[in-house]
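Structure file final_0.csv (CSV, C-alpha atoms) follows.
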chain,number,residue,atom,x,y,z
A,27,MET,CA,-16.9,13.8,24.7
A,28,SER,CA,-15.3,11.9,21.8
A,29,THR,CA,-11.6,11.0,21.8
A,30,SER,CA,-9.5,9.8,19.0
A,31,VAL,CA,-6.1,8.1,18.9
A,32,MET,CA,-3.9,6.8,16.1
A,33,SER,CA,-3.5,3.0,16.1
A,34,MET,CA,0.3,3.3,16.4
A,35,GLU,CA,-0.1,5.5,19.6
A,36,LEU,CA,-2.7,3.2,21.3
A,37,PRO,CA,-0.2,1.4,23.6
A,38,GLN,CA,1.0,4.7,25.0
A,39,SER,CA,-2.6,6.0,25.4
A,40,LEU,CA,-3.6,2.9,27.3
A,41,ALA,CA,-0.5,3.3,29.6
A,42,ARG,CA,-1.6,6.8,30.4
A,43,SER,CA,-5.3,6.6,30.7
A,44,GLY,CA,-6.1,2.9,31.2
A,45,VAL,CA,-8.9,0.9,29.6
A,46,MET,CA,-12.2,2.5,28.7
A,47,PRO,CA,-15.7,0.8,28.3
A,48,LEU,CA,-16.2,1.7,24.7
A,49,TYR,CA,-13.9,1.7,21.6
A,50,ALA,CA,-14.5,2.1,17.9
A,51,VAL,CA,-11.6,0.6,16.0
A,52,VAL,CA,-12.1,2.0,12.5
A,53,GLY,CA,-10.0,2.1,9.3
A,54,GLU,CA,-9.2,0.2,6.1
A,55,GLU,CA,-5.9,-1.2,7.2
A,56,ASP,CA,-6.7,-4.7,8.5
A,57,TYR,CA,-3.4,-5.2,10.2
A,58,LEU,CA,-3.8,-2.1,12.3
A,59,ARG,CA,-7.3,-3.1,13.3
A,60,ASP,CA,-6.2,-6.5,14.4
A,61,SER,CA,-3.2,-5.2,16.3
A,62,SER,CA,-5.3,-2.6,18.0
A,63,VAL,CA,-7.9,-5.2,19.2
A,64,ALA,CA,-5.0,-7.3,20.5
A,65,ALA,CA,-3.6,-4.4,22.4
A,66,LEU,CA,-7.0,-3.6,24.0
A,67,ARG,CA,-7.5,-7.2,24.9
A,68,THR,CA,-4.1,-7.4,26.6
A,69,ALA,CA,-4.6,-4.2,28.4
A,70,ALA,CA,-8.0,-5.3,29.7
A,71,LEU,CA,-7.3,-8.9,30.5
A,72,GLY,CA,-3.5,-9.1,30.9
A,73,ALA,CA,-0.9,-10.8,28.7
A,74,GLY,CA,-0.9,-14.1,30.5
A,75,ALA,CA,-4.5,-14.1,31.9
A,76,GLU,CA,-6.9,-16.9,31.2
A,77,SER,CA,-9.4,-15.1,29.0
A,78,GLY,CA,-11.6,-17.9,27.7
A,79,PHE,CA,-14.5,-16.9,30.0
A,80,ASN,CA,-14.1,-13.2,29.5
A,81,TYR,CA,-13.4,-12.8,25.7
A,82,ASP,CA,-16.1,-13.0,23.1
A,83,ILE,CA,-16.1,-12.1,19.3
A,84,PHE,CA,-19.2,-11.4,17.2
A,85,HIS,CA,-19.7,-10.4,13.6
A,86,GLY,CA,-22.1,-7.9,12.1
A,87,ASP,CA,-23.3,-10.2,9.3
A,88,ASP,CA,-24.1,-13.3,11.3
A,89,SER,CA,-24.7,-12.4,15.0
A,90,SER,CA,-27.8,-11.4,16.8
A,91,ILE,CA,-27.8,-8.0,18.4
A,92,ALA,CA,-29.6,-9.5,21.4
A,93,ASP,CA,-26.7,-12.0,21.9
A,94,VAL,CA,-24.1,-9.3,21.6
A,95,LEU,CA,-25.8,-7.0,24.2
A,96,ALA,CA,-26.5,-9.9,26.5
A,97,CYS,CA,-22.8,-10.9,26.5
A,98,ALA,CA,-21.7,-7.3,27.0
A,99,ALA,CA,-24.0,-7.0,30.0
A,100,GLU,CA,-22.5,-10.0,31.8
A,101,ILE,CA,-20.1,-9.6,34.7
A,102,PRO,CA,-16.6,-10.9,34.3
A,103,VAL,CA,-15.6,-14.4,35.6
A,104,PHE,CA,-12.7,-14.4,38.1
A,105,ALA,CA,-11.4,-11.1,36.6
A,106,GLU,CA,-11.9,-7.4,36.8
A,107,ARG,CA,-13.1,-7.0,33.2
A,108,ARG,CA,-14.4,-8.8,30.2
A,109,VAL,CA,-13.9,-8.0,26.5
A,110,VAL,CA,-16.5,-8.2,23.8
A,111,VAL,CA,-15.4,-7.6,20.2
A,112,TYR,CA,-18.0,-6.8,17.5
A,113,LYS,CA,-16.4,-7.0,14.1
A,114,SER,CA,-17.6,-6.2,10.5
A,115,VAL,CA,-20.2,-3.7,11.8
A,116,GLU,CA,-20.3,-2.0,8.4
A,117,LYS,CA,-22.4,-5.1,7.3
A,118,LEU,CA,-24.9,-4.4,10.1
A,119,PRO,CA,-28.3,-3.2,8.8
A,120,ALA,CA,-29.2,0.3,10.0
A,121,ARG,CA,-32.4,-0.9,11.8
A,122,GLU,CA,-30.4,-3.5,13.7
A,123,GLY,CA,-27.7,-1.0,14.6
A,124,GLU,CA,-30.2,1.2,16.3
A,125,LYS,CA,-30.7,-1.5,18.9
A,126,LEU,CA,-27.2,-0.6,20.2
A,127,LEU,CA,-28.3,2.9,21.2
A,128,SER,CA,-29.4,2.0,24.7
A,129,TYR,CA,-26.2,0.2,25.5
A,130,LEU,CA,-24.0,3.0,24.0
A,131,ALA,CA,-25.8,5.5,26.2
A,132,SER,CA,-25.0,3.5,29.4
A,133,PRO,CA,-22.3,0.9,28.8
A,134,ASN,CA,-21.3,-1.8,31.3
A,135,GLU,CA,-18.4,-0.4,33.2
A,136,THR,CA,-16.8,-3.8,33.7
A,137,THR,CA,-16.9,-4.6,30.0
A,138,THR,CA,-14.6,-3.3,27.3
A,139,PHE,CA,-16.9,-3.2,24.2
A,140,ILE,CA,-14.9,-2.9,21.0
A,141,VAL,CA,-16.7,-2.1,17.7
A,142,VAL,CA,-14.6,-2.9,14.7
A,143,GLY,CA,-15.1,-1.9,11.1
A,144,ALA,CA,-13.3,-0.8,7.9
A,145,LYS,CA,-15.7,2.2,7.6
A,146,LEU,CA,-18.7,3.6,9.5
A,147,ASP,CA,-21.6,5.4,7.9
A,148,GLY,CA,-21.7,8.7,9.8
A,149,ARG,CA,-25.3,9.3,8.8
A,150,LEU,CA,-26.7,6.6,11.0
A,151,LYS,CA,-27.8,7.4,14.6
A,152,TRP,CA,-26.0,4.5,16.2
A,153,THR,CA,-22.6,5.3,14.5
A,154,GLN,CA,-23.0,9.0,15.6
A,155,ALA,CA,-23.7,7.9,19.2
A,156,LEU,CA,-20.7,5.5,19.0
A,157,THR,CA,-18.2,8.0,17.8
A,158,LYS,CA,-19.5,10.6,20.3
A,159,ARG,CA,-19.1,8.3,23.4
A,160,ALA,CA,-16.3,5.8,22.4
A,161,VAL,CA,-12.6,6.2,22.0
A,162,THR,CA,-12.0,6.0,18.3
A,163,VAL,CA,-8.8,4.2,17.2
A,164,ASN,CA,-7.8,5.4,13.7
A,165,CYS,CA,-6.7,2.5,11.5
A,166,ALA,CA,-6.5,4.3,8.2
A,167,PRO,CA,-3.7,3.3,5.8
A,168,LEU,CA,-0.3,4.8,6.8
A,169,ARG,CA,1.2,7.7,4.9
A,170,ASP,CA,4.7,7.3,3.4
A,171,ALA,CA,6.5,8.8,6.4
A,172,GLN,CA,4.3,6.9,8.9
A,173,LEU,CA,5.0,3.7,7.0
A,174,SER,CA,8.7,4.2,7.2
A,175,ALA,CA,8.4,4.8,11.0
A,176,TRP,CA,6.2,1.7,11.4
A,177,ILE,CA,8.7,-0.5,9.5
A,178,ARG,CA,11.5,0.7,11.7
A,179,GLN,CA,9.4,0.1,14.8
A,180,GLU,CA,8.4,-3.4,13.8
A,181,ALA,CA,11.9,-4.3,12.7
A,182,ALA,CA,13.4,-3.1,16.0
A,183,ALA,CA,10.9,-5.3,17.8
A,184,LEU,CA,12.2,-8.3,15.8
A,185,GLY,CA,15.8,-7.3,16.4
A,186,VAL,CA,16.4,-6.2,12.8
A,187,ARG,CA,18.3,-3.1,11.7
A,188,MET,CA,17.6,-1.8,8.2
A,189,GLN,CA,19.3,0.5,5.7
A,190,GLU,CA,17.1,3.2,4.2
A,191,ASP,CA,17.1,1.7,0.7
A,192,ALA,CA,16.0,-1.6,2.2
A,193,ILE,CA,13.1,0.1,3.9
A,194,GLN,CA,12.1,1.8,0.6
A,195,LEU,CA,12.2,-1.5,-1.3
A,196,LEU,CA,10.3,-3.3,1.5
A,197,LYS,CA,7.5,-0.7,1.0
A,198,GLU,CA,7.4,-1.7,-2.7
A,199,VAL,CA,7.4,-5.4,-2.0
A,200,GLY,CA,4.6,-5.1,0.5
A,201,GLY,CA,2.5,-2.9,-1.6
A,202,GLU,CA,-0.1,-1.3,0.7
A,203,SER,CA,-0.6,-4.4,2.9
A,204,LEU,CA,1.0,-4.2,6.3
A,205,TYR,CA,0.5,-7.9,6.8
A,206,ALA,CA,2.7,-8.5,3.7
A,207,VAL,CA,5.4,-6.2,5.0
A,208,LYS,CA,5.3,-7.9,8.4
A,209,ARG,CA,5.8,-11.3,6.8
A,210,GLU,CA,8.8,-10.0,5.0
A,211,LEU,CA,10.3,-8.6,8.2
A,212,GLU,CA,9.8,-11.9,9.9
A,213,LYS,CA,11.7,-13.6,7.1
A,214,LEU,CA,14.5,-11.1,7.3
A,215,ALA,CA,14.7,-11.6,11.1
A,216,ALA,CA,15.2,-15.3,10.5
A,217,TYR,CA,17.6,-15.0,7.5
A,218,VAL,CA,19.9,-12.1,8.3
A,219,PRO,CA,22.6,-12.9,10.9
A,220,SER,CA,22.3,-11.1,14.2
A,221,GLY,CA,24.1,-7.8,14.2
A,222,ARG,CA,24.2,-7.2,10.5
A,223,THR,CA,22.2,-4.4,9.0
A,224,VAL,CA,19.6,-5.5,6.4
A,225,GLN,CA,20.4,-4.3,2.8
A,226,SER,CA,18.1,-4.0,-0.2
A,227,SER,CA,19.8,-7.1,-1.7
A,228,ASP,CA,18.5,-9.1,1.4
A,229,VAL,CA,14.9,-7.9,0.7
A,230,GLU,CA,15.2,-8.8,-2.9
A,231,ALA,CA,16.6,-12.2,-2.1
A,232,LEU,CA,13.8,-13.1,0.3
A,233,SER,CA,10.9,-11.5,-1.4
A,234,GLY,CA,11.3,-13.4,-4.6
A,235,THR,CA,11.1,-10.3,-6.7
A,236,GLU,CA,12.0,-11.3,-10.2
A,237,PRO,CA,14.8,-9.2,-11.7
A,238,GLY,CA,13.3,-6.7,-14.2
A,239,ALA,CA,9.8,-7.0,-12.9
A,240,SER,CA,9.7,-4.5,-10.0
A,241,VAL,CA,7.7,-1.3,-9.8
A,242,PHE,CA,10.9,0.6,-10.6
A,243,ASP,CA,11.1,-1.3,-13.9
A,244,LEU,CA,7.5,-0.6,-14.6
A,245,MET,CA,8.0,3.1,-14.0
A,246,ASN,CA,10.9,3.0,-16.5
A,247,ALA,CA,8.7,1.3,-19.1
A,248,ILE,CA,6.0,3.9,-18.6
A,249,GLY,CA,8.4,6.8,-18.9
A,250,ALA,CA,9.8,5.3,-22.1
A,251,HIS,CA,6.3,4.8,-23.5
A,252,ASP,CA,7.2,1.1,-23.9
A,253,HIS,CA,3.8,-0.6,-23.9
A,254,GLY,CA,5.2,-4.1,-24.6
A,255,ARG,CA,7.6,-4.0,-21.8
A,256,ALA,CA,5.0,-2.7,-19.4
A,257,PHE,CA,2.6,-5.5,-20.3
A,258,ARG,CA,5.4,-8.1,-19.9
A,259,ILE,CA,6.2,-6.8,-16.4
A,260,LEU,CA,2.5,-7.0,-15.5
A,261,ALA,CA,2.2,-10.5,-16.8
A,262,ARG,CA,5.3,-11.7,-15.0
A,263,ASN,CA,4.0,-10.3,-11.7
A,264,VAL,CA,0.6,-11.9,-12.1
A,265,GLU,CA,2.2,-15.2,-13.0
A,266,ASN,CA,4.3,-14.9,-9.8
A,267,GLY,CA,1.1,-14.6,-7.8
A,268,GLU,CA,0.7,-10.9,-7.4
A,269,ALA,CA,-2.8,-9.6,-7.3
A,270,PRO,CA,-3.6,-6.8,-9.8
A,271,LEU,CA,-5.0,-4.7,-6.9
A,272,ARG,CA,-1.6,-4.9,-5.1
A,273,ILE,CA,0.3,-4.1,-8.3
A,274,LEU,CA,-2.0,-1.0,-8.6
A,275,GLY,CA,-1.2,-0.1,-5.0
A,276,ALA,CA,2.5,-0.3,-5.5
A,277,LEU,CA,2.2,1.8,-8.7
A,278,VAL,CA,0.1,4.5,-6.9
A,279,TRP,CA,2.6,4.6,-4.1
A,280,GLN,CA,5.5,5.1,-6.5
A,281,TYR,CA,3.7,7.9,-8.3
A,282,ARG,CA,3.1,9.7,-5.0
A,283,ARG,CA,6.8,9.5,-4.2
A,284,LEU,CA,7.6,10.7,-7.8
A,285,TRP,CA,5.3,13.7,-7.4
A,286,LYS,CA,6.8,14.6,-4.0
A,287,LEU,CA,10.4,14.5,-5.4
A,288,LYS,CA,9.4,16.6,-8.3
A,289,GLU,CA,8.1,19.3,-5.9
A,290,GLN,CA,11.3,19.0,-3.8
A,291,LEU,CA,13.5,19.6,-6.8
A,292,LYS,CA,11.3,22.6,-7.9
A,293,ALA,CA,11.9,24.0,-4.4
A,294,GLY,CA,15.7,23.7,-4.8
A,295,GLY,CA,16.3,20.2,-3.6
A,296,ARG,CA,19.1,18.0,-4.9
A,297,GLU,CA,19.0,15.0,-7.1
A,298,GLY,CA,20.6,12.7,-4.5
A,299,GLU,CA,17.4,11.7,-2.7
A,300,ALA,CA,15.6,11.1,-5.9
A,301,ALA,CA,18.5,9.0,-7.2
A,302,ARG,CA,18.4,6.8,-4.0
A,303,THR,CA,14.6,6.5,-4.2
A,304,PHE,CA,14.6,5.4,-7.9
A,305,ARG,CA,18.0,3.6,-7.7
A,306,MET,CA,19.6,5.5,-10.6
A,307,ASP,CA,22.6,7.6,-11.3
A,308,PRO,CA,22.0,11.2,-10.1
A,309,SER,CA,22.8,12.5,-13.6
A,310,ARG,CA,19.8,10.7,-14.9
A,311,VAL,CA,17.3,12.0,-12.4
A,312,ARG,CA,16.1,15.2,-14.1
A,313,GLY,CA,15.7,13.4,-17.4
A,314,PHE,CA,13.7,10.6,-15.8
A,315,LEU,CA,11.4,13.0,-13.9
A,316,ALA,CA,10.9,15.0,-17.2
A,317,GLN,CA,9.2,11.9,-18.6
A,318,PHE,CA,6.3,12.5,-16.2
A,319,PRO,CA,4.9,16.0,-16.8
A,320,ASP,CA,2.6,17.5,-14.1
A,321,ASP,CA,-0.5,17.4,-16.3
A,322,GLN,CA,0.1,13.7,-17.0
A,323,MET,CA,0.6,13.0,-13.3
A,324,THR,CA,-2.8,14.6,-12.5
A,325,GLN,CA,-4.4,12.6,-15.2
A,326,ALA,CA,-2.7,9.4,-13.9
A,327,PHE,CA,-4.3,9.8,-10.5
A,328,GLU,CA,-7.7,10.1,-12.0
A,329,TRP,CA,-7.0,6.8,-13.9
A,330,PHE,CA,-5.8,5.2,-10.7
A,331,LEU,CA,-9.1,6.1,-8.9
A,332,GLU,CA,-11.1,4.7,-11.9
A,333,THR,CA,-9.0,1.5,-12.0
A,334,ASP,CA,-9.3,1.0,-8.2
A,335,SER,CA,-13.1,1.3,-8.5
A,336,LYS,CA,-13.2,-1.3,-11.3
A,337,LEU,CA,-10.9,-3.8,-9.5
A,338,LYS,CA,-12.9,-3.5,-6.2
A,339,GLY,CA,-16.4,-3.2,-7.6
A,340,GLY,CA,-16.1,-5.5,-10.5
A,341,SER,CA,-16.4,-4.7,-14.2
A,342,GLY,CA,-17.0,-6.4,-17.5
A,343,SER,CA,-13.3,-7.1,-17.9
A,344,THR,CA,-10.9,-9.3,-16.0
A,345,PRO,CA,-8.6,-7.7,-13.4
A,346,VAL,CA,-5.6,-8.2,-15.7
A,347,ARG,CA,-7.3,-6.6,-18.6
A,348,VAL,CA,-8.3,-3.6,-16.4
A,349,MET,CA,-4.6,-3.2,-15.5
A,350,GLU,CA,-3.5,-3.5,-19.1
A,351,ASP,CA,-5.9,-0.8,-20.0
A,352,LEU,CA,-4.4,1.4,-17.3
A,353,LEU,CA,-0.8,0.7,-18.4
A,354,PHE,CA,-1.7,1.5,-22.0
A,355,ARG,CA,-3.0,4.9,-21.0
A,356,LEU,CA,-0.1,5.6,-18.7
A,357,CYS,CA,2.4,4.7,-21.4
A,358,GLY,CA,0.8,7.2,-23.8
A,359,LYS,CA,1.5,7.2,-27.5
A,360,PRO,CA,4.2,4.8,-28.5
A,361,SER,CA,7.4,6.2,-30.0
A,362,LYS,CA,7.0,6.5,-33.8
A,363,PRO,CA,9.2,4.0,-35.7
A,364,ALA,CA,11.5,5.4,-38.3
A,365,SER,CA,9.9,5.6,-41.8
A,366,ALA,CA,11.3,3.6,-44.7
A,367,ALA,CA,13.0,6.8,-46.0
A,368,GLN,CA,14.6,7.4,-42.6
A,369,ARG,CA,15.9,3.8,-42.3
A,370,VAL,CA,19.2,4.5,-44.2
A,371,GLN,CA,21.9,1.9,-44.1
A,372,PRO,CA,25.0,3.2,-42.4
A,373,ALA,CA,27.9,4.0,-44.7
A,374,VAL,CA,30.8,1.5,-44.8
A,375,PRO,CA,33.5,2.8,-42.5
A,376,PRO,CA,36.6,4.0,-44.4
A,377,ALA,CA,38.8,1.4,-42.7
A,378,SER,CA,36.7,-1.5,-44.1
A,379,ARG,CA,36.6,-0.2,-47.7
A,380,PRO,CA,38.7,-2.0,-50.3
A,381,SER,CA,41.7,0.2,-51.4
A,382,GLY,CA,41.1,2.3,-54.4
A,383,SER,CA,37.3,1.9,-54.2
A,384,ARG,CA,34.9,4.9,-54.2
A,385,PRO,CA,32.6,5.6,-51.2
A,386,VAL,CA,29.4,3.7,-51.6
A,387,SER,CA,26.2,5.6,-51.4
A,388,ASN,CA,22.7,4.2,-50.9
A,389,VAL,CA,21.0,7.4,-52.3
A,390,ARG,CA,19.8,6.7,-55.8
A,391,THR,CA,20.1,9.5,-58.3
A,392,VAL,CA,17.1,9.8,-60.6
A,393,THR,CA,17.4,11.8,-63.8
A,394,ARG,CA,14.6,12.8,-66.0
A,395,LYS,CA,15.0,12.4,-69.8
A,396,ARG,CA,14.5,15.5,-71.7
What would you get if you wrote out this structure as structure tokens?
Amino acid sequence: MSTSVMSMELPQSLARSGVMPLYAVVGEEDYLRDSSVAALRTAALGAGAESGFNYDIFHGDDSSIADVLACAAEIPVFAERRVVVYKSVEKLPAREGEKLLSYLASPNETTTFIVVGAKLDGRLKWTQALTKRAVTVNCAPLRDAQLSAWIRQEAAALGVRMQEDAIQLLKEVGGESLYAVKRELEKLAAYVPSGRTVQSSDVEALSGTEPGASVFDLMNAIGAHDHGRAFRILARNVENGEAPLRILGALVWQYRRLWKLKEQLKAGGREGEAARTFRMDPSRVRGFLAQFPDDQMTQAFEWFLETDSKLKGGSGSTPVRVMEDLLFRLCGKPSKPASAAQRVQPAVPPASRPSGSRPVSNVRTVTRKR
């Protein structure tokens, strides 16, 4: 019977049930996959155990199935268990994968066999057998609430306390990469004095986020239909080494929060949470949210999906040009400049007029000769 556990809950599951012979560590978040494999290795071999003879790693795109199975069938050396990790199995040809079926039906009880992949094709026989018999460790990207909890957990492990606004900013800085967030947490642990709570200013100081170039600034530019400013923010981030795909991830994450807050306000929520989230005065919140109508939000997520596909799958344009095209559409029609007839010079203030002079008008009177 198949069993599934979230990656963040794996240590507690191992403490309750012990180590099993088969695991499928699956999901798109590479940090969660790597940390899950590390947790399984420690549980099977011990934190301080000599594991050189009992720990082997193979890859689906360059390892022979015969070698993998031969290693998994071996008995452990001076230990109770051995660990065999088979990574990148999504690159394994279907015909090769079927050679795993016999082992999956009767795994070696003294081996912990860990199959690792970003995604499994559920149509294949061997993946169906794997998910039926193995403990599946879910390493999908974390949702917003899960990400906040994960940051608090990792920060506590490093001895770091964080204010809520610092956590929110750290999400933005890290985009959708937990490795990036982890690096920022490690820098904060080394930088912030022990006992002091981390503030958003600490995150900004260490992340190197250029003032006026954050995702908050980008949202403001989009809301104001300011194409030029949006393009400048994109250019500055790219120049600072940010990958277009990560910029897209941060933008999508911000739109998700925006939609959630709009729904909360419709249900009677207050502006305070939205003000903290978007770092603005509460009196400006409703005006800001009104710049993002629901129909445009729905259209934006369709564009996000299209842009993600182009950035990951390649297209005829460069990644920066793909992002520029997205921002152009998100900004919508630019504000219409005033016409020549509307650009009227302001009247001279009374205090500045020479005494005895008549008010000056820039409206020309045209008379028609009879």
Next item on the list: Would you mind reading off the distance between atom CA of Ser220 of chain A and atom CA of Trp176 of chain A, one decimal, in Å?
Entry: 20.8 Å
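Using all atoms listed in the file, the contacts of Glu122 of chain A at a cut-off of 9 Å, with sequence neighbours closer than 3 positions omitted, comprise Ser90, Ile91, Leu118, Pro119, Lys125 and Leu126 of chain A.
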Next item on the list: Using only C-alpha atoms, collect all residues at a distance of at most 12 Å from (-15.4, -7.6, 37.4) as written in the file, then present them as a ChimeraX atom specification.
Entry: /A:70-71,79-80,99-109,134-138
List the residues sitting within 8 Å of (-3.7, 6.6, -15.2) in the file's frame, using only C-alpha atoms, as a PDB file with C-alpha atoms, in the frame of the given file.
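Dumped everything to selection08.pdb:
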ATOM      1  CA  MET A 323       0.600  13.000 -13.300  1.00  0.00           C
ATOM      2  CA  GLN A 325      -4.400  12.600 -15.200  1.00  0.00           C
ATOM      3  CA  ALA A 326      -2.700   9.400 -13.900  1.00  0.00           C
ATOM      4  CA  PHE A 327      -4.300   9.800 -10.500  1.00  0.00           C
ATOM      5  CA  GLU A 328      -7.700  10.100 -12.000  1.00  0.00           C
ATOM      6  CA  TRP A 329      -7.000   6.800 -13.900  1.00  0.00           C
ATOM      7  CA  PHE A 330      -5.800   5.200 -10.700  1.00  0.00           C
ATOM      8  CA  LEU A 352      -4.400   1.400 -17.300  1.00  0.00           C
ATOM      9  CA  LEU A 353      -0.800   0.700 -18.400  1.00  0.00           C
ATOM     10  CA  ARG A 355      -3.000   4.900 -21.000  1.00  0.00           C
ATOM     11  CA  LEU A 356      -0.100   5.600 -18.700  1.00  0.00           C
TER      12      LEU A 356
END
Next item on the list: Tell me, in Å to one decimal, how far atom CA of Gln225 of chain A is from atom CA of Ile193 of chain A.
Entry: 8.6 Å
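One distance worth recording is that between atom CA of Pro219 of chain A and atom CA of Gln179 of chain A, which is 18.9 Å.
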Next item on the list: Give me the residues within 12 Å of Ile259 of chain A as an MDAnalysis selection string, counting all atoms listed in the file and dropping any in the same chain fewer than 5 places off.
Entry: chainID A and resid 235:248 252:254 264:266 268 270 273 346 349:350 353
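Ranking A:Ser226, A:Ser62, A:Thr333, A:Thr344 by their shortest atom-to-atom distance to Pro37 of chain A, with all atoms listed in the file included, puts A:Ser62 first.
Take the candidates A:Gln154, A:Glu35, A:Val52, A:Phe139 and check each one against Asp82 of chain A using all atoms listed in the file; the shortest distance goes to A:Phe139.
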List the spatial neighbours of segment 141-146 of chain A as an mmCIF file with C-alpha atoms, in the coordinates of the input - criterion: any atom at most 12 Å away, all atoms listed in the file, same-chain residues fewer than 6 positions off excluded.
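Output contents, as saved in result29.cif:
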data_model
loop_
_atom_site.group_PDB
_atom_site.id
_atom_site.type_symbol
_atom_site.label_atom_id
_atom_site.label_comp_id
_atom_site.auth_asym_id
_atom_site.auth_seq_id
_atom_site.Cartn_x
_atom_site.Cartn_y
_atom_site.Cartn_z
ATOM 1 C CA PRO A 47 -15.700 0.800 28.300
ATOM 2 C CA LEU A 48 -16.200 1.700 24.700
ATOM 3 C CA TYR A 49 -13.900 1.700 21.600
ATOM 4 C CA ALA A 50 -14.500 2.100 17.900
ATOM 5 C CA VAL A 51 -11.600 0.600 16.000
ATOM 6 C CA VAL A 52 -12.100 2.000 12.500
ATOM 7 C CA GLY A 53 -10.000 2.100 9.300
ATOM 8 C CA GLU A 54 -9.200 0.200 6.100
ATOM 9 C CA GLU A 55 -5.900 -1.200 7.200
ATOM 10 C CA ASP A 56 -6.700 -4.700 8.500
ATOM 11 C CA TYR A 57 -3.400 -5.200 10.200
ATOM 12 C CA LEU A 58 -3.800 -2.100 12.300
ATOM 13 C CA ARG A 59 -7.300 -3.100 13.300
ATOM 14 C CA ASP A 60 -6.200 -6.500 14.400
ATOM 15 C CA SER A 61 -3.200 -5.200 16.300
ATOM 16 C CA SER A 62 -5.300 -2.600 18.000
ATOM 17 C CA VAL A 63 -7.900 -5.200 19.200
ATOM 18 C CA LEU A 66 -7.000 -3.600 24.000
ATOM 19 C CA ILE A 83 -16.100 -12.100 19.300
ATOM 20 C CA PHE A 84 -19.200 -11.400 17.200
ATOM 21 C CA HIS A 85 -19.700 -10.400 13.600
ATOM 22 C CA GLY A 86 -22.100 -7.900 12.100
ATOM 23 C CA ASP A 87 -23.300 -10.200 9.300
ATOM 24 C CA VAL A 94 -24.100 -9.300 21.600
ATOM 25 C CA ALA A 98 -21.700 -7.300 27.000
ATOM 26 C CA VAL A 109 -13.900 -8.000 26.500
ATOM 27 C CA VAL A 110 -16.500 -8.200 23.800
ATOM 28 C CA VAL A 111 -15.400 -7.600 20.200
ATOM 29 C CA TYR A 112 -18.000 -6.800 17.500
ATOM 30 C CA LYS A 113 -16.400 -7.000 14.100
ATOM 31 C CA SER A 114 -17.600 -6.200 10.500
ATOM 32 C CA VAL A 115 -20.200 -3.700 11.800
ATOM 33 C CA GLU A 116 -20.300 -2.000 8.400
ATOM 34 C CA LYS A 117 -22.400 -5.100 7.300
ATOM 35 C CA LEU A 118 -24.900 -4.400 10.100
ATOM 36 C CA PRO A 119 -28.300 -3.200 8.800
ATOM 37 C CA ALA A 120 -29.200 0.300 10.000
ATOM 38 C CA GLY A 123 -27.700 -1.000 14.600
ATOM 39 C CA LEU A 126 -27.200 -0.600 20.200
ATOM 40 C CA LEU A 130 -24.000 3.000 24.000
ATOM 41 C CA TRP A 152 -26.000 4.500 16.200
ATOM 42 C CA THR A 153 -22.600 5.300 14.500
ATOM 43 C CA GLN A 154 -23.000 9.000 15.600
ATOM 44 C CA ALA A 155 -23.700 7.900 19.200
ATOM 45 C CA LEU A 156 -20.700 5.500 19.000
ATOM 46 C CA THR A 157 -18.200 8.000 17.800
ATOM 47 C CA ALA A 160 -16.300 5.800 22.400
ATOM 48 C CA VAL A 161 -12.600 6.200 22.000
ATOM 49 C CA THR A 162 -12.000 6.000 18.300
ATOM 50 C CA VAL A 163 -8.800 4.200 17.200
ATOM 51 C CA ASN A 164 -7.800 5.400 13.700
ATOM 52 C CA CYS A 165 -6.700 2.500 11.500
ATOM 53 C CA ALA A 166 -6.500 4.300 8.200
ATOM 54 C CA PRO A 167 -3.700 3.300 5.800
#
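In terms of minimum interatomic distance to Ser132 of chain A, A:Arg159 ranks closest within A:Asp88, A:Arg283, A:Leu277, A:Arg159, counting all atoms listed in the file.
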Can you take the partial segment 54-61 of chain A, add N, CA and C atoms, and return it as a PDB file, keeping the file's coordinate frame?
ATOM      1  N   GLU A  54      -9.313   1.220   7.134  1.00  0.00           N
ATOM      2  CA  GLU A  54      -9.200   0.200   6.100  1.00  0.00           C
ATOM      3  C   GLU A  54      -8.025  -0.696   6.182  1.00  0.00           C
ATOM      4  N   GLU A  55      -7.059  -0.386   7.058  1.00  0.00           N
ATOM      5  CA  GLU A  55      -5.900  -1.200   7.200  1.00  0.00           C
ATOM      6  C   GLU A  55      -6.155  -2.357   8.196  1.00  0.00           C
ATOM      7  N   ASP A  56      -6.331  -3.581   7.678  1.00  0.00           N
ATOM      8  CA  ASP A  56      -6.700  -4.700   8.500  1.00  0.00           C
ATOM      9  C   ASP A  56      -5.683  -5.055   9.587  1.00  0.00           C
ATOM     10  N   TYR A  57      -4.409  -4.920   9.244  1.00  0.00           N
ATOM     11  CA  TYR A  57      -3.400  -5.200  10.200  1.00  0.00           C
ATOM     12  C   TYR A  57      -3.473  -4.308  11.430  1.00  0.00           C
ATOM     13  N   LEU A  58      -3.703  -3.026  11.192  1.00  0.00           N
ATOM     14  CA  LEU A  58      -3.800  -2.100  12.300  1.00  0.00           C
ATOM     15  C   LEU A  58      -5.052  -2.342  13.133  1.00  0.00           C
ATOM     16  N   ARG A  59      -6.145  -2.735  12.491  1.00  0.00           N
ATOM     17  CA  ARG A  59      -7.300  -3.100  13.300  1.00  0.00           C
ATOM     18  C   ARG A  59      -7.087  -4.270  14.166  1.00  0.00           C
ATOM     19  N   ASP A  60      -6.483  -5.310  13.601  1.00  0.00           N
ATOM     20  CA  ASP A  60      -6.200  -6.500  14.400  1.00  0.00           C
ATOM     21  C   ASP A  60      -5.259  -6.264  15.526  1.00  0.00           C
ATOM     22  N   SER A  61      -4.199  -5.512  15.263  1.00  0.00           N
ATOM     23  CA  SER A  61      -3.200  -5.200  16.300  1.00  0.00           C
ATOM     24  C   SER A  61      -3.797  -4.341  17.391  1.00  0.00           C
TER      25      SER A  61
END
